[in-house]
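Here is the file work_7.cif (mmCIF, C-alpha atoms).
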data_data
loop_
_atom_site.label_atom_id
_atom_site.label_comp_id
_atom_site.auth_asym_id
_atom_site.auth_seq_id
_atom_site.Cartn_x
_atom_site.Cartn_y
_atom_site.Cartn_z
CA MET B 1 -67.29 31.49 -119.93
CA ARG B 2 -64.21 29.35 -119.38
CA LYS B 3 -61.09 30.54 -121.20
CA VAL B 4 -59.55 27.67 -123.18
CA PHE B 5 -56.74 29.42 -125.06
CA GLY B 6 -54.60 32.46 -124.44
CA ARG B 7 -51.12 33.87 -124.27
CA PRO B 8 -48.85 31.94 -121.87
CA ASN B 9 -47.75 33.88 -118.79
CA ALA B 10 -44.16 33.25 -119.84
CA LEU B 11 -44.64 35.39 -122.97
CA THR B 12 -44.97 39.17 -122.98
CA SER B 13 -47.54 41.02 -125.07
CA ALA B 14 -44.85 42.59 -127.29
CA PRO B 15 -45.40 42.04 -131.04
CA THR B 16 -42.53 40.00 -132.47
CA HIS B 17 -40.30 41.20 -135.29
CA TYR B 18 -40.15 37.85 -137.11
CA CYS B 19 -40.99 37.56 -140.81
CA PRO B 20 -44.38 36.14 -141.85
CA GLY B 21 -44.28 32.35 -141.82
CA CYS B 22 -41.22 32.12 -139.59
CA THR B 23 -41.73 29.46 -136.96
CA HIS B 24 -39.81 31.24 -134.20
CA GLY B 25 -43.16 32.41 -132.87
CA ILE B 26 -44.44 28.85 -132.55
CA ILE B 27 -41.24 27.76 -130.84
CA HIS B 28 -41.42 30.70 -128.41
CA ARG B 29 -44.94 29.66 -127.48
CA VAL B 30 -43.98 26.01 -126.99
CA VAL B 31 -41.16 26.99 -124.63
CA ALA B 32 -43.40 29.44 -122.77
CA GLU B 33 -46.19 26.90 -122.32
CA VAL B 34 -43.73 24.40 -120.85
CA ILE B 35 -42.36 26.99 -118.42
CA ASP B 36 -45.93 27.78 -117.32
CA GLU B 37 -46.92 24.13 -116.94
CA LEU B 38 -43.84 23.33 -114.87
CA GLY B 39 -44.53 26.32 -112.63
CA VAL B 40 -40.97 27.66 -112.83
CA LEU B 41 -41.49 31.11 -114.40
CA ASP B 42 -40.39 32.98 -111.27
CA ARG B 43 -37.01 31.20 -111.24
CA THR B 44 -36.30 30.87 -114.96
CA ILE B 45 -33.44 32.71 -116.66
CA GLY B 46 -33.14 32.70 -120.45
CA ILE B 47 -30.07 33.49 -122.52
CA ALA B 48 -30.72 35.29 -125.82
CA PRO B 49 -28.42 34.78 -128.84
CA VAL B 50 -27.17 36.89 -131.69
CA GLY B 51 -29.30 36.12 -134.73
CA CYS B 52 -32.99 36.29 -135.60
CA ALA B 53 -33.89 35.73 -131.93
CA VAL B 54 -31.61 38.49 -130.67
CA LEU B 55 -34.64 40.30 -129.23
CA ALA B 56 -35.93 37.25 -127.34
CA TYR B 57 -35.54 39.23 -124.12
CA ASP B 58 -38.51 41.33 -125.28
CA TYR B 59 -40.74 38.28 -125.74
CA PHE B 60 -40.11 36.00 -122.75
CA ASN B 61 -41.59 37.20 -119.48
CA CYS B 62 -38.71 35.95 -117.36
CA ASP B 63 -35.25 37.23 -116.53
CA MET B 64 -33.17 37.29 -119.73
CA ILE B 65 -29.50 37.90 -120.50
CA GLU B 66 -28.10 38.86 -123.91
CA ALA B 67 -24.99 36.85 -124.79
CA SER B 68 -22.24 37.63 -127.26
CA HIS B 69 -22.49 35.74 -130.55
CA GLY B 70 -22.24 32.00 -129.86
CA ARG B 71 -21.50 32.38 -126.16
CA ALA B 72 -24.96 31.58 -124.76
CA PRO B 73 -23.90 28.14 -123.37
CA ALA B 74 -20.94 29.73 -121.59
CA VAL B 75 -23.18 32.41 -120.06
CA ALA B 76 -25.77 29.78 -119.10
CA THR B 77 -23.04 27.70 -117.47
CA GLY B 78 -21.95 30.62 -115.32
CA VAL B 79 -25.51 31.47 -114.28
CA LYS B 80 -26.41 27.87 -113.41
CA ARG B 81 -23.25 27.27 -111.40
CA VAL B 82 -23.69 30.45 -109.38
CA LEU B 83 -27.49 30.04 -109.04
CA PRO B 84 -28.09 26.26 -109.16
CA ASP B 85 -31.72 26.63 -108.05
CA ARG B 86 -32.59 28.60 -111.20
CA VAL B 87 -33.97 27.04 -114.41
CA VAL B 88 -31.62 28.19 -117.16
CA PHE B 89 -32.19 27.88 -120.89
CA THR B 90 -30.51 29.18 -124.03
CA TYR B 91 -32.35 29.96 -127.25
CA GLN B 92 -30.01 29.80 -130.28
CA GLY B 93 -30.02 29.62 -134.05
CA ASP B 94 -27.78 27.48 -136.24
CA GLY B 95 -25.31 30.27 -137.03
CA ASP B 96 -25.00 31.17 -133.36
CA LEU B 97 -24.80 27.61 -132.03
CA ALA B 98 -23.26 25.54 -134.84
CA SER B 99 -20.74 28.04 -136.21
CA ILE B 100 -19.19 30.67 -133.95
CA GLY B 101 -20.60 28.91 -130.88
CA MET B 102 -19.65 25.33 -131.75
CA GLY B 103 -16.89 25.21 -129.14
CA GLU B 104 -19.21 26.45 -126.40
CA ILE B 105 -22.04 23.99 -127.13
CA VAL B 106 -19.74 20.96 -127.49
CA HIS B 107 -17.93 21.60 -124.23
CA ALA B 108 -21.12 22.46 -122.31
CA ALA B 109 -22.52 19.09 -123.40
CA ALA B 110 -19.25 17.27 -122.70
CA ARG B 111 -19.18 18.68 -119.16
CA GLY B 112 -22.80 17.74 -118.63
CA GLU B 113 -23.80 21.27 -117.68
CA ASN B 114 -27.28 21.16 -116.16
CA ILE B 115 -28.87 23.56 -118.64
CA THR B 116 -31.53 23.36 -121.36
CA VAL B 117 -30.75 24.43 -124.93
CA ILE B 118 -33.37 25.32 -127.54
CA PHE B 119 -31.68 25.11 -130.95
CA VAL B 120 -33.52 26.59 -133.95
CA ASN B 121 -32.16 25.23 -137.23
CA ASN B 122 -33.39 27.01 -140.36
CA THR B 123 -30.22 26.13 -142.33
CA VAL B 124 -29.31 29.74 -143.18
CA TYR B 125 -28.10 32.96 -141.59
CA GLY B 126 -31.57 34.48 -141.56
CA MET B 127 -30.77 37.80 -139.88
CA THR B 128 -27.84 38.81 -142.08
CA GLY B 129 -29.14 38.00 -145.55
CA GLY B 130 -29.56 34.26 -145.97
CA GLN B 131 -25.94 33.13 -146.31
CA MET B 132 -24.90 29.48 -146.19
CA ALA B 133 -24.79 28.10 -142.66
CA PRO B 134 -23.10 25.05 -141.10
CA THR B 135 -26.46 23.27 -141.44
CA THR B 136 -27.27 24.22 -145.05
CA VAL B 137 -28.09 20.93 -146.80
CA PRO B 138 -26.34 19.71 -149.98
CA GLY B 139 -27.70 21.46 -153.05
CA GLN B 140 -29.54 24.14 -151.06
CA ARG B 141 -29.29 27.58 -152.62
CA THR B 142 -28.38 30.52 -150.40
CA THR B 143 -27.05 34.01 -151.07
CA THR B 144 -23.50 32.63 -150.84
CA SER B 145 -24.19 29.33 -152.62
CA GLN B 146 -26.16 30.41 -155.66
CA SER B 147 -25.76 27.04 -157.35
CA GLY B 148 -26.49 25.09 -154.20
CA ARG B 149 -24.20 23.89 -151.45
CA ASP B 150 -21.35 21.96 -153.05
CA ILE B 151 -19.98 19.42 -150.58
CA SER B 152 -16.72 19.15 -152.56
CA THR B 153 -15.82 22.69 -151.51
CA ALA B 154 -18.11 23.54 -148.55
CA GLY B 155 -18.13 20.14 -146.89
CA TYR B 156 -21.11 18.43 -145.31
CA PRO B 157 -23.76 19.98 -143.05
CA ILE B 158 -23.20 19.49 -139.34
CA LYS B 159 -25.73 17.24 -137.62
CA VAL B 160 -25.65 18.77 -134.18
CA CYS B 161 -27.89 16.24 -132.40
CA GLU B 162 -25.89 13.30 -133.69
CA LEU B 163 -22.64 15.03 -132.75
CA LEU B 164 -23.64 15.91 -129.19
CA ALA B 165 -25.22 12.50 -128.66
CA THR B 166 -21.70 11.01 -128.63
CA LEU B 167 -20.77 12.99 -125.51
CA GLY B 168 -21.13 11.44 -122.08
CA GLY B 169 -22.51 14.60 -120.48
CA ALA B 170 -25.54 14.74 -122.75
CA ALA B 171 -28.61 13.52 -120.85
CA TYR B 172 -31.34 14.40 -123.36
CA ILE B 173 -30.98 15.20 -127.07
CA ALA B 174 -33.92 15.41 -129.48
CA ARG B 175 -34.84 16.84 -132.87
CA VAL B 176 -38.37 18.04 -133.60
CA SER B 177 -40.34 20.07 -136.13
CA THR B 178 -43.30 22.48 -136.23
CA THR B 179 -44.70 21.68 -139.66
CA SER B 180 -48.02 20.29 -138.40
CA PRO B 181 -50.15 20.34 -135.24
CA ALA B 182 -49.01 16.78 -134.48
CA ASN B 183 -45.36 17.79 -134.82
CA VAL B 184 -45.92 20.80 -132.56
CA ALA B 185 -47.45 18.54 -129.91
CA ARG B 186 -44.46 16.18 -130.13
CA ALA B 187 -42.10 19.16 -129.96
CA LYS B 188 -43.73 20.39 -126.79
CA ARG B 189 -43.33 16.98 -125.15
CA ALA B 190 -39.62 17.03 -126.04
CA VAL B 191 -39.14 20.54 -124.66
CA LYS B 192 -40.88 19.58 -121.42
CA LYS B 193 -38.65 16.54 -121.12
CA ALA B 194 -35.59 18.74 -121.68
CA PHE B 195 -36.62 21.09 -118.87
CA GLN B 196 -37.51 18.16 -116.61
CA THR B 197 -34.03 16.77 -117.26
CA GLN B 198 -32.59 19.96 -115.80
CA LEU B 199 -35.02 19.98 -112.88
CA ALA B 200 -33.98 16.42 -112.05
CA GLY B 201 -30.31 17.43 -112.13
CA ASP B 202 -29.53 14.91 -114.87
CA GLY B 203 -27.27 17.13 -116.99
CA PHE B 204 -27.20 18.72 -120.42
CA ALA B 205 -30.38 18.73 -122.53
CA MET B 206 -30.99 20.09 -126.03
CA VAL B 207 -33.97 20.16 -128.37
CA GLU B 208 -33.31 21.03 -132.01
CA PHE B 209 -36.19 22.50 -134.04
CA LEU B 210 -36.24 22.27 -137.82
CA SER B 211 -37.53 25.75 -138.60
CA SER B 212 -38.62 27.61 -141.72
CA CYS B 213 -37.22 30.83 -143.17
CA PRO B 214 -39.62 31.69 -146.02
CA THR B 215 -38.05 35.12 -146.65
CA THR B 216 -34.50 33.95 -147.35
CA TRP B 217 -35.66 30.66 -148.86
CA GLY B 218 -37.78 32.63 -151.36
CA MET B 219 -40.93 30.63 -150.58
CA THR B 220 -44.41 31.14 -149.24
CA PRO B 221 -44.92 30.02 -145.64
CA ARG B 222 -46.82 26.93 -146.81
CA GLU B 223 -44.10 26.04 -149.33
CA ALA B 224 -41.45 26.47 -146.63
CA LEU B 225 -43.17 24.00 -144.29
CA LYS B 226 -43.45 21.49 -147.11
CA TRP B 227 -39.76 22.01 -147.91
CA ILE B 228 -38.85 21.10 -144.33
CA ASP B 229 -40.78 17.85 -144.58
CA GLU B 230 -39.41 16.93 -148.00
CA HIS B 231 -35.81 18.19 -147.86
CA LEU B 232 -34.67 18.89 -144.31
CA GLU B 233 -36.23 16.02 -142.41
CA PRO B 234 -34.63 13.31 -144.60
CA TYR B 235 -31.20 14.78 -143.84
CA PHE B 236 -32.00 15.72 -140.22
CA PRO B 237 -34.27 12.90 -138.99
CA LEU B 238 -36.63 13.65 -136.12
CA GLY B 239 -36.53 11.76 -132.85
CA GLU B 240 -34.74 11.31 -129.55
CA PHE B 241 -31.01 10.64 -129.80
CA VAL B 242 -30.21 10.48 -126.08
CA SER B 243 -32.64 10.00 -123.21
CA ARG B 244 -31.20 8.95 -119.90
CA GLY B 245 -31.56 9.93 -116.29
CA ARG B 246 -34.43 10.33 -113.86
CA ALA B 247 -36.50 12.49 -116.22
CA SER B 248 -36.48 9.85 -118.97
#
The structure in this file should be written as structure tokens.
Amino acid sequence: MRKVFGRPNALTSAPTHYCPGCTHGIIHRVVAEVIDELGVLDRTIGIAPVGCAVLAYDYFNCDMIEASHGRAPAVATGVKRVLPDRVVFTYQGDGDLASIGMGEIVHAAARGENITVIFVNNTVYGMTGGQMAPTTVPGQRTTTSQSGRDISTAGYPIKVCELLATLGGAAYIARVSTTSPANVARAKRAVKKAFQTQLAGDGFAMVEFLSSCPTTWGMTPREALKWIDEHLEPYFPLGEFVSRGRAS
């Protein structure tokens, strides 16, 4: 009998630690399937963040490096410059990338570093208790914004794709979601394009995923996916923001 579905070679068999309904698992699989399909597993190096995906090195079946909080783009830059034949990706959450690591991601994109960034935006600090993050949307309740994010005191959420799209070194920037099979399929195409951008030597590529956090949002998994569609996507629209170079 022909096998039609199974675990990608780029994923290990280790059970993940993620909460029920968290879409990190889906995103891991999307990335792993792309690595398999491009045939680059034996030369791929991933950079794990500090945050919910801190144990990503247990789940991806490729060489992995653990970076200090927010420093994954800097580590990826060093690896890629020393080993330019490797396929290098970072996997980061919004607290890691858009807060403590904002300087690293902006300058990596500005320099056009030939790396691929997977950015998981669930609008809260999921690992440390659900505090307000740089991407928490106006009115969203968190453990540190019990009445909802007040823009008069906390300011506006940072739209990372739109920000990085202004930089000349950015070759591919896209925002996707995993709330439906169709969205997952579109997300996979974006991730493949981001890796192909690196393989073509075109420069910096990032794919942002709108991701759910049912535990800290206080929702069921199904409610959390609906909340992404109804509340996050209007503020963080899906689509490609930059697509240039030979891989486009």
Set the distance at 10 Å and use only C-alpha atoms: which residues neighbour range 13-20 of chain B once local chain neighbours fewer than 4 positions away are removed? I'd like the list as an mmCIF file with C-alpha atoms, in the coordinates of the input.
data_model
loop_
_atom_site.group_PDB
_atom_site.id
_atom_site.type_symbol
_atom_site.label_atom_id
_atom_site.label_comp_id
_atom_site.auth_asym_id
_atom_site.auth_seq_id
_atom_site.Cartn_x
_atom_site.Cartn_y
_atom_site.Cartn_z
ATOM 1 C CA ARG B 7 -51.120 33.870 -124.270
ATOM 2 C CA PRO B 8 -48.850 31.940 -121.870
ATOM 3 C CA ASN B 9 -47.750 33.880 -118.790
ATOM 4 C CA HIS B 24 -39.810 31.240 -134.200
ATOM 5 C CA GLY B 25 -43.160 32.410 -132.870
ATOM 6 C CA CYS B 52 -32.990 36.290 -135.600
ATOM 7 C CA ALA B 53 -33.890 35.730 -131.930
ATOM 8 C CA LEU B 55 -34.640 40.300 -129.230
ATOM 9 C CA ALA B 56 -35.930 37.250 -127.340
ATOM 10 C CA ASP B 58 -38.510 41.330 -125.280
ATOM 11 C CA TYR B 59 -40.740 38.280 -125.740
ATOM 12 C CA PHE B 60 -40.110 36.000 -122.750
ATOM 13 C CA ASN B 61 -41.590 37.200 -119.480
ATOM 14 C CA GLY B 126 -31.570 34.480 -141.560
ATOM 15 C CA MET B 127 -30.770 37.800 -139.880
ATOM 16 C CA CYS B 213 -37.220 30.830 -143.170
ATOM 17 C CA PRO B 214 -39.620 31.690 -146.020
ATOM 18 C CA THR B 215 -38.050 35.120 -146.650
ATOM 19 C CA THR B 216 -34.500 33.950 -147.350
ATOM 20 C CA THR B 220 -44.410 31.140 -149.240
ATOM 21 C CA PRO B 221 -44.920 30.020 -145.640
#
Legend entry - Contacts of Arg43 in chain B at 9 Å (only C-alpha atoms; same-chain gap of 5+ positions) as number ranges by chain: B: 62-63, 85-88
Legend entry - Atom pair CA of Val4 in chain B / CA of Lys193 in chain B: separation (Å):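 Computed distance, CA of Val4 in chain B to CA of Lys193 in chain B, equals 23.8 Å.
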Inset, instruction - Might you pull out every residue within 7 Å of Asn122 in chain B, with all atoms listed in the file counted and same-chain residues fewer than 5 positions away left off, and present them as a ChimeraX atom specification? - result: /B:94,210-213
Inset, instruction - Mind giving me the straight-line distance from CA of Thr166 in chain B to CA of Leu232 in chain B in Å, one decimal? - result: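 Answer for the CA of Thr166 in chain B to CA of Leu232 in chain B separation: 21.8 Å.
Taken over the shown file, the PyMOL selection byres ((chain B and resi 119) around 10) identifies Ile27, Thr90, Tyr91, Gln92, Gly93, Asp94, Asp96, Leu97, Ala98, Thr116, Val117, Ile118, Val120, Asn121, Asn122, Val160, Cys161, Arg175, Met206, Val207, Glu208, Phe209, Leu210 and Ser211 of chain B.
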Inset, instruction - Please write as a PyMOL selection string the list of polymer residues whose atoms come within 12 Å of (-26.6, 22.8, -147.2), counting all atoms listed in the file and keeping to the coordinates of the file. - result: chain B and resi 94+121-125+130-159+231-232+235-236
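Between CA of Ala185 in chain B and CA of Pro234 in chain B the separation is 20.2 Å.
Shortest atom-to-atom contact with Ala190 in chain B among B:Asp42, B:Val34, B:Gly70, B:His28: B:Val34, counting all atoms listed in the file.
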Legend entry - From B:Glu223, B:Glu113, B:Glu230, B:Glu162, residue lying nearest Gly21 in chain B [all atoms listed in the file]: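 Distance minimum relative to Gly21 in chain B lands on B:Glu223.
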Gly78 in chain B: which residues within 12 Å, counting all atoms listed in the file, same-chain residues fewer than 5 positions away excluded, as a PDB file with C-alpha atoms, keeping the file's coordinate frame?
ATOM      1  CA  ILE B  45     -33.440  32.710-116.660  1.00  0.00           C
ATOM      2  CA  ILE B  47     -30.070  33.490-122.520  1.00  0.00           C
ATOM      3  CA  ILE B  65     -29.500  37.900-120.500  1.00  0.00           C
ATOM      4  CA  ALA B  67     -24.990  36.850-124.790  1.00  0.00           C
ATOM      5  CA  ARG B  71     -21.500  32.380-126.160  1.00  0.00           C
ATOM      6  CA  ALA B  72     -24.960  31.580-124.760  1.00  0.00           C
ATOM      7  CA  PRO B  73     -23.900  28.140-123.370  1.00  0.00           C
ATOM      8  CA  LEU B  83     -27.490  30.040-109.040  1.00  0.00           C
ATOM      9  CA  PRO B  84     -28.090  26.260-109.160  1.00  0.00           C
ATOM     10  CA  ARG B  86     -32.590  28.600-111.200  1.00  0.00           C
ATOM     11  CA  VAL B  88     -31.620  28.190-117.160  1.00  0.00           C
ATOM     12  CA  PHE B  89     -32.190  27.880-120.890  1.00  0.00           C
ATOM     13  CA  ALA B 108     -21.120  22.460-122.310  1.00  0.00           C
ATOM     14  CA  GLU B 113     -23.800  21.270-117.680  1.00  0.00           C
ATOM     15  CA  ASN B 114     -27.280  21.160-116.160  1.00  0.00           C
ATOM     16  CA  ILE B 115     -28.870  23.560-118.640  1.00  0.00           C
TER      17      ILE B 115
END
